[in-house]
$ cat start-v5.txt   # compact mmCIF, C-alpha atoms
# COMPACT_ATOMS: atom_id res chain seq x y z
CA ALA Y 10 249.08 50.20 61.96
CA ARG Y 11 252.15 51.91 60.53
CA ARG Y 12 251.77 50.00 57.27
CA ILE Y 13 248.10 50.91 57.10
CA SER Y 14 249.01 54.55 57.63
CA VAL Y 15 251.57 54.44 54.83
CA LEU Y 16 249.20 52.63 52.45
CA GLY Y 17 246.38 55.03 53.28
CA SER Y 18 248.62 58.04 52.64
CA CYS Y 19 249.81 56.64 49.31
CA ALA Y 20 246.23 55.82 48.31
CA THR Y 21 245.19 59.47 48.65
CA PHE Y 22 247.80 60.49 46.06
CA VAL Y 23 246.98 57.63 43.68
CA THR Y 24 243.24 58.22 43.76
CA ALA Y 25 243.73 61.98 43.42
CA LEU Y 26 245.48 61.28 40.11
CA PHE Y 27 243.54 58.36 38.65
CA ALA Y 28 240.15 58.45 40.42
CA PRO Y 29 239.46 61.94 41.83
CA ASP Y 30 235.87 61.02 42.68
CA LEU Y 31 237.19 58.46 45.18
CA HIS Y 32 239.78 60.77 46.73
CA GLN Y 33 237.64 61.95 49.62
CA ILE Y 34 236.77 58.40 50.71
CA CYS Y 35 240.39 57.23 51.12
CA LEU Y 36 240.94 58.76 54.55
CA PRO Y 37 237.71 57.37 56.12
CA VAL Y 38 238.34 53.91 54.65
CA ALA Y 39 241.97 53.80 55.82
CA SER Y 40 240.96 55.10 59.26
CA THR Y 41 238.30 52.39 59.59
CA TRP Y 42 240.82 49.77 58.51
CA ALA Y 43 243.29 51.04 61.11
CA MET Y 44 240.69 50.87 63.89
CA ILE Y 45 239.72 47.32 62.89
CA TRP Y 46 243.40 46.38 63.16
CA PHE Y 47 243.72 48.06 66.57
CA LEU Y 48 240.66 46.17 67.85
CA THR Y 49 241.39 42.74 66.39
CA MET Y 50 245.15 42.33 66.01
CA ARG Y 51 246.48 43.87 69.22
CA ARG Y 52 246.88 41.83 72.41
CA SER Y 53 246.45 44.93 74.57
CA VAL Y 54 244.26 48.00 74.49
CA SER Y 55 245.67 50.64 72.11
CA THR Y 56 246.46 54.04 73.56
CA ILE Y 57 245.11 57.36 72.40
CA GLY Y 58 248.64 58.31 71.40
CA GLU Y 59 249.00 55.29 69.09
CA ILE Y 60 245.63 55.91 67.45
CA ALA Y 61 246.21 59.65 67.11
CA THR Y 62 249.65 59.11 65.59
CA THR Y 63 248.24 56.73 62.97
CA PHE Y 64 245.40 59.08 62.02
CA THR Y 65 247.63 62.16 62.03
CA GLY Y 66 250.14 60.49 59.72
CA MET Y 67 247.48 59.74 57.11
CA PHE Y 68 245.93 63.18 57.41
CA TYR Y 69 249.08 65.31 57.61
CA LEU Y 70 251.34 63.42 55.19
CA GLY Y 71 248.71 62.00 52.86
CA TYR Y 72 245.30 63.57 52.61
CA ILE Y 73 246.19 67.27 52.94
CA PRO Y 74 249.16 67.45 50.52
CA SER Y 75 247.41 65.16 48.01
CA PHE Y 76 245.26 68.15 47.06
CA TRP Y 77 248.23 69.35 44.98
CA VAL Y 78 247.53 66.38 42.73
CA ARG Y 79 243.87 67.39 42.51
CA ILE Y 80 244.91 70.90 41.55
CA ARG Y 81 247.23 69.48 38.90
CA GLN Y 82 244.20 67.89 37.18
CA LEU Y 83 242.19 71.11 36.91
CA GLY Y 84 241.74 72.55 33.43
CA GLY Y 85 243.03 69.48 31.60
CA ASP Y 86 240.24 69.58 29.02
CA VAL Y 87 240.44 73.25 28.12
CA ILE Y 88 243.89 74.77 27.73
CA GLN Y 89 243.91 78.43 28.75
CA PRO Y 90 247.15 80.04 27.51
CA THR Y 91 248.94 82.43 29.83
CA ARG Y 92 250.74 85.59 28.79
CA LEU Y 93 253.94 83.54 28.56
CA ALA Y 94 252.45 80.99 26.15
CA PRO Y 95 254.08 82.46 23.01
CA LEU Y 96 257.52 81.98 24.59
CA VAL Y 97 257.00 78.27 25.26
CA LYS Y 98 254.77 77.42 22.28
CA PRO Y 99 257.40 75.22 20.54
CA LEU Y 100 257.79 73.14 23.71
CA LEU Y 101 254.02 72.87 24.19
CA ASP Y 102 253.55 71.75 20.59
CA ARG Y 103 256.20 69.08 21.04
CA LEU Y 104 254.61 67.83 24.25
CA GLY Y 105 251.21 67.75 22.60
CA HIS Y 106 252.18 65.80 19.48
CA SER Y 107 255.08 63.54 20.38
CA SER Y 108 253.86 61.94 23.59
CA LYS Y 109 254.38 58.15 23.54
CA LEU Y 110 252.84 57.43 26.91
CA PRO Y 111 249.97 54.89 27.08
CA ALA Y 112 246.56 56.22 26.14
CA PHE Y 113 244.95 54.90 29.34
CA LEU Y 114 246.84 57.49 31.40
CA PRO Y 115 244.93 60.69 32.20
CA LYS Y 116 245.29 63.41 29.57
CA THR Y 117 246.87 65.67 32.17
CA ILE Y 118 249.82 63.27 32.39
CA ARG Y 119 250.30 62.86 28.65
CA PHE Y 120 250.04 66.63 28.16
CA PRO Y 121 251.21 68.17 31.42
CA ILE Y 122 250.38 71.85 30.87
CA THR Y 123 247.03 72.54 32.55
CA THR Y 124 245.41 75.45 34.32
CA GLY Y 125 246.18 73.64 37.56
CA SER Y 126 249.84 73.09 36.71
CA ASN Y 127 250.26 76.79 35.90
CA PHE Y 128 248.66 77.63 39.22
CA ILE Y 129 250.97 75.22 41.05
CA PHE Y 130 254.06 76.63 39.34
CA TRP Y 131 253.39 80.20 40.43
CA THR Y 132 252.08 79.18 43.84
CA TRP Y 133 255.14 77.09 44.67
CA ILE Y 134 257.41 79.93 43.60
CA CYS Y 135 255.54 82.23 45.99
CA ILE Y 136 255.87 79.76 48.87
CA ALA Y 137 259.57 79.16 48.21
CA PHE Y 138 260.44 82.85 48.02
CA SER Y 139 258.26 83.55 51.04
CA ASP Y 140 260.60 81.29 53.03
CA VAL Y 141 263.67 82.95 51.49
CA GLY Y 142 262.33 86.47 51.99
CA GLY Y 143 261.32 85.72 55.55
CA TYR Y 144 264.78 84.37 56.36
CA PHE Y 145 266.71 87.35 54.98
CA ALA Y 146 264.23 89.95 56.25
CA GLY Y 147 264.40 88.38 59.69
CA ARG Y 148 268.20 88.44 59.72
CA LYS Y 149 268.38 92.01 58.45
CA PHE Y 150 265.52 93.72 60.24
CA GLY Y 151 264.29 91.21 62.81
CA LYS Y 152 263.78 92.79 66.23
CA THR Y 153 260.30 91.76 67.35
CA LYS Y 154 260.09 88.08 68.22
CA LEU Y 155 257.05 86.19 67.00
CA GLY Y 156 256.37 85.28 70.61
CA ALA Y 157 255.40 88.91 71.25
CA ILE Y 158 252.13 88.36 69.39
CA SER Y 159 251.80 84.58 69.76
CA PRO Y 160 253.49 82.96 72.78
CA ALA Y 161 252.91 79.41 71.51
CA ALA Y 162 254.37 80.22 68.09
CA GLY Y 163 257.31 81.95 69.74
CA LYS Y 164 258.12 78.91 71.87
CA THR Y 165 257.72 76.64 68.86
CA SER Y 166 260.23 78.62 66.78
CA PRO Y 167 262.13 81.13 68.97
CA ASN Y 168 264.19 82.56 66.09
CA LYS Y 169 261.24 83.71 63.99
CA THR Y 170 260.40 87.43 64.02
CA VAL Y 171 257.46 89.57 63.00
CA GLU Y 172 259.69 91.45 60.55
CA GLY Y 173 260.62 88.14 58.95
CA VAL Y 174 256.96 87.27 58.49
CA ILE Y 175 256.31 90.66 56.89
CA GLY Y 176 259.30 90.20 54.60
CA GLY Y 177 258.06 86.78 53.55
CA CYS Y 178 254.62 88.22 52.80
CA ALA Y 179 256.20 91.00 50.70
CA PHE Y 180 258.11 88.52 48.54
CA SER Y 181 255.07 86.30 48.16
CA VAL Y 182 252.78 89.21 47.29
CA SER Y 183 255.15 90.45 44.57
CA LEU Y 184 255.37 87.08 42.84
CA ALA Y 185 251.69 86.24 43.34
CA THR Y 186 250.68 89.52 41.72
CA LEU Y 187 252.96 88.81 38.77
CA GLY Y 188 251.57 85.29 38.51
CA ALA Y 189 247.98 86.55 38.63
CA TRP Y 190 248.69 88.91 35.73
CA VAL Y 191 250.43 86.20 33.71
CA GLN Y 192 247.54 83.76 34.22
CA HIS Y 193 244.85 86.29 33.27
CA TRP Y 194 243.18 86.19 36.67
CA PRO Y 195 240.15 88.47 37.08
CA TYR Y 196 240.85 91.48 39.28
CA TRP Y 197 244.48 90.37 39.40
CA MET Y 198 245.65 93.58 41.09
CA VAL Y 199 243.58 92.64 44.16
CA LEU Y 200 243.41 88.85 43.95
CA GLY Y 201 247.17 88.48 43.43
CA PRO Y 202 248.25 90.27 46.63
CA VAL Y 203 245.54 88.54 48.69
CA HIS Y 204 246.70 85.20 47.33
CA GLY Y 205 250.31 86.02 48.15
CA ILE Y 206 249.56 87.00 51.75
CA LEU Y 207 247.47 83.87 52.38
CA LEU Y 208 250.19 81.65 50.92
CA ALA Y 209 252.85 83.23 53.13
CA LEU Y 210 250.74 82.89 56.27
CA LEU Y 211 249.61 79.32 55.56
CA GLY Y 212 253.19 78.42 54.70
CA LEU Y 213 254.18 79.81 58.10
CA VAL Y 214 251.51 77.64 59.73
CA GLY Y 215 253.01 74.60 58.02
CA ASP Y 216 256.51 75.58 59.12
CA LEU Y 217 255.46 76.10 62.73
CA THR Y 218 253.47 72.86 62.76
CA ALA Y 219 256.53 70.91 61.64
CA SER Y 220 258.64 72.69 64.26
CA MET Y 221 256.07 71.82 66.92
CA LEU Y 222 256.13 68.15 65.97
CA LYS Y 223 259.93 68.07 65.99
CA ARG Y 224 260.12 69.87 69.31
CA ASP Y 225 257.67 67.46 70.92
CA ALA Y 226 259.63 64.48 69.55
CA GLY Y 227 262.96 65.93 70.64
CA LEU Y 228 264.28 66.15 67.07
CA LYS Y 229 266.27 68.87 65.36
CA ASP Y 230 265.41 67.72 61.84
CA PHE Y 231 263.11 65.12 60.29
CA GLY Y 232 266.11 63.41 58.71
CA ASP Y 233 269.55 63.89 57.20
CA LEU Y 234 268.87 63.16 53.53
CA ILE Y 235 269.74 66.72 52.44
CA PRO Y 236 273.07 67.93 53.89
CA GLU Y 237 272.70 71.05 56.06
CA HIS Y 238 268.93 71.07 55.47
CA GLY Y 239 267.64 67.91 57.14
CA GLY Y 240 265.04 65.63 55.62
CA ILE Y 241 262.42 66.00 52.92
CA MET Y 242 259.78 67.16 55.40
CA ASP Y 243 262.07 69.98 56.53
CA ARG Y 244 261.92 71.33 52.96
CA VAL Y 245 258.24 70.83 52.15
CA ASP Y 246 256.52 71.68 55.45
CA SER Y 247 255.35 75.03 54.06
CA TYR Y 248 253.52 73.25 51.23
CA ILE Y 249 251.25 71.14 53.46
CA PHE Y 250 248.46 73.49 54.54
CA THR Y 251 248.64 75.57 51.37
CA ALA Y 252 247.32 72.60 49.34
CA PRO Y 253 243.62 72.67 50.40
CA TYR Y 254 243.60 76.45 50.13
CA GLY Y 255 245.08 76.19 46.63
CA TRP Y 256 242.36 73.71 45.67
CA ILE Y 257 239.64 76.11 46.79
CA MET Y 258 241.28 79.09 45.09
CA CYS Y 259 242.00 77.38 41.76
CA GLY Y 260 238.92 75.20 41.64
CA TYR Y 261 236.26 77.57 42.93
CA VAL Y 262 237.25 81.17 43.72
CA ILE Y 263 239.04 82.07 40.48
CA PRO Y 264 236.44 80.39 38.19
CA TRP Y 265 233.63 82.13 40.07
CA LEU Y 266 235.34 85.52 39.78
CA LYS Y 267 235.90 84.88 36.06
CA ARG Y 268 232.20 84.19 35.56
CA PHE Y 269 231.35 87.28 37.58
CA ALA Y 270 233.73 89.46 35.57
CA ASP Y 271 232.50 88.00 32.26
CA GLY Y 272 228.90 88.62 33.33
CA ARG Y 273 229.64 92.24 34.16
CA ALA Y 274 231.44 92.69 30.84
CA ALA Y 275 228.53 91.15 28.94
CA ALA Y 276 226.03 93.35 30.77
CA ALA Y 277 228.12 96.45 30.03
CA ALA Y 278 228.37 95.48 26.35
CA ALA Y 279 224.60 94.92 26.19
CA GLY Y 280 224.04 98.33 27.75
CA MET Y 281 226.28 99.97 25.18
CA LEU Y 282 224.38 98.28 22.34
CA ALA Y 283 221.06 99.38 23.83
CA VAL Y 284 222.23 102.99 23.85
$ encode --input "start-v5.txt" --output "structure tokens"
Amino acid sequence: ARRISVLGSCATFVTALFAPDLHQICLPVASTWAMIWFLTMRRSVSTIGEIATTFTGMFYLGYIPSFWVRIRQLGGDVIQPTRLAPLVKPLLDRLGHSSKLPAFLPKTIRFPITTGSNFIFWTWICIAFSDVGGYFAGRKFGKTKLGAISPAAGKTSPNKTVEGVIGGCAFSVSLATLGAWVQHWPYWMVLGPVHGILLALLGLVGDLTASMLKRDAGLKDFGDLIPEHGGIMDRVDSYIFTAPYGWIMCGYVIPWLKRFADGRAAAAAAGMLAV
């Protein structure tokens, strides 16, 4: 079952890159495969804990974060320059004309600058600095424990404070607003701050979820690969639940708002011509 869980998790990333239309079916197929194994290969009845652990591994470590790969693919056919494009134009030209990668690879691999990759760049910066801002704001101003407003969250991570959460949101909002302006988002003065707050809060959910799993397993860290920081999961837990939200924002919300803004601009221009 562990091997099936690993293969199912890896399959979500591979299909997200090479066959996006099949991405959604990976989790149901792998889950069915796992249940067939539990029912036919085990000599005893499987427990709910064993089944739940297998499914959770594929969902938490595979399916959810694989949406970053889906985001990466967005806008690969139409390049939409950001306000920083003139600064990196020589690099973009070199990437666009000197790629020697095989032609069968998706265009978004051979030419890596897409609307989705720009979105990921600014989004990941927001998440990273949300963690940094929350840490320093909590140390400097932290007085109200998170448990005061959420007992379960407080027991999961006793050192987190409300002031730290606010500080993380402030850092994220600042960078998200800058990123929204750079990427020519519609209504960037409103959409940027909203995006920043949601990223900070969803990143906190990911952080607390990882802490909850470690606390239940009796672990301090997920590993010791990174000295003084633990394992890989200890560094990327804030990026888990932000992935589906990012897919919705980049794939649906922003394009819809662009169409809405363009429609209003066209209607205003038509009104001016009529006058």
$ closest_residue --input "start-v5.txt" --among "Y:Cys19, Y:Gly151, Y:Ala137, Y:Gly84" --to "Ile122 (chain Y)" --atoms "all atoms listed in the file"
Y:Gly84
$ closest_residue --input "start-v5.txt" --among "Y:Tyr196, Y:Ala61, Y:Ala279, Y:Ala252" --to "Trp265 (chain Y)" --atoms "all atoms listed in the file"
Y:Tyr196
$ atom_distance --input "start-v5.txt" --atom1 "CA of Asn168 (chain Y)" --atom2 "CA of Val182 (chain Y)"
23.0 Å
$ residues_around --input "start-v5.txt" --residues "Thr165 (chain Y)" --least-positions-apart "2" --cutoff "8 Å" --atoms "all atoms listed in the file" --output "ChimeraX atom specification"
/Y:161-163,167,217,220-221,224
$ closest_residue --input "start-v5.txt" --among "Y:Ala179, Y:Val23, Y:Ala276, Y:Ala43" --to "Val78 (chain Y)" --atoms "all atoms listed in the file"
Y:Val23
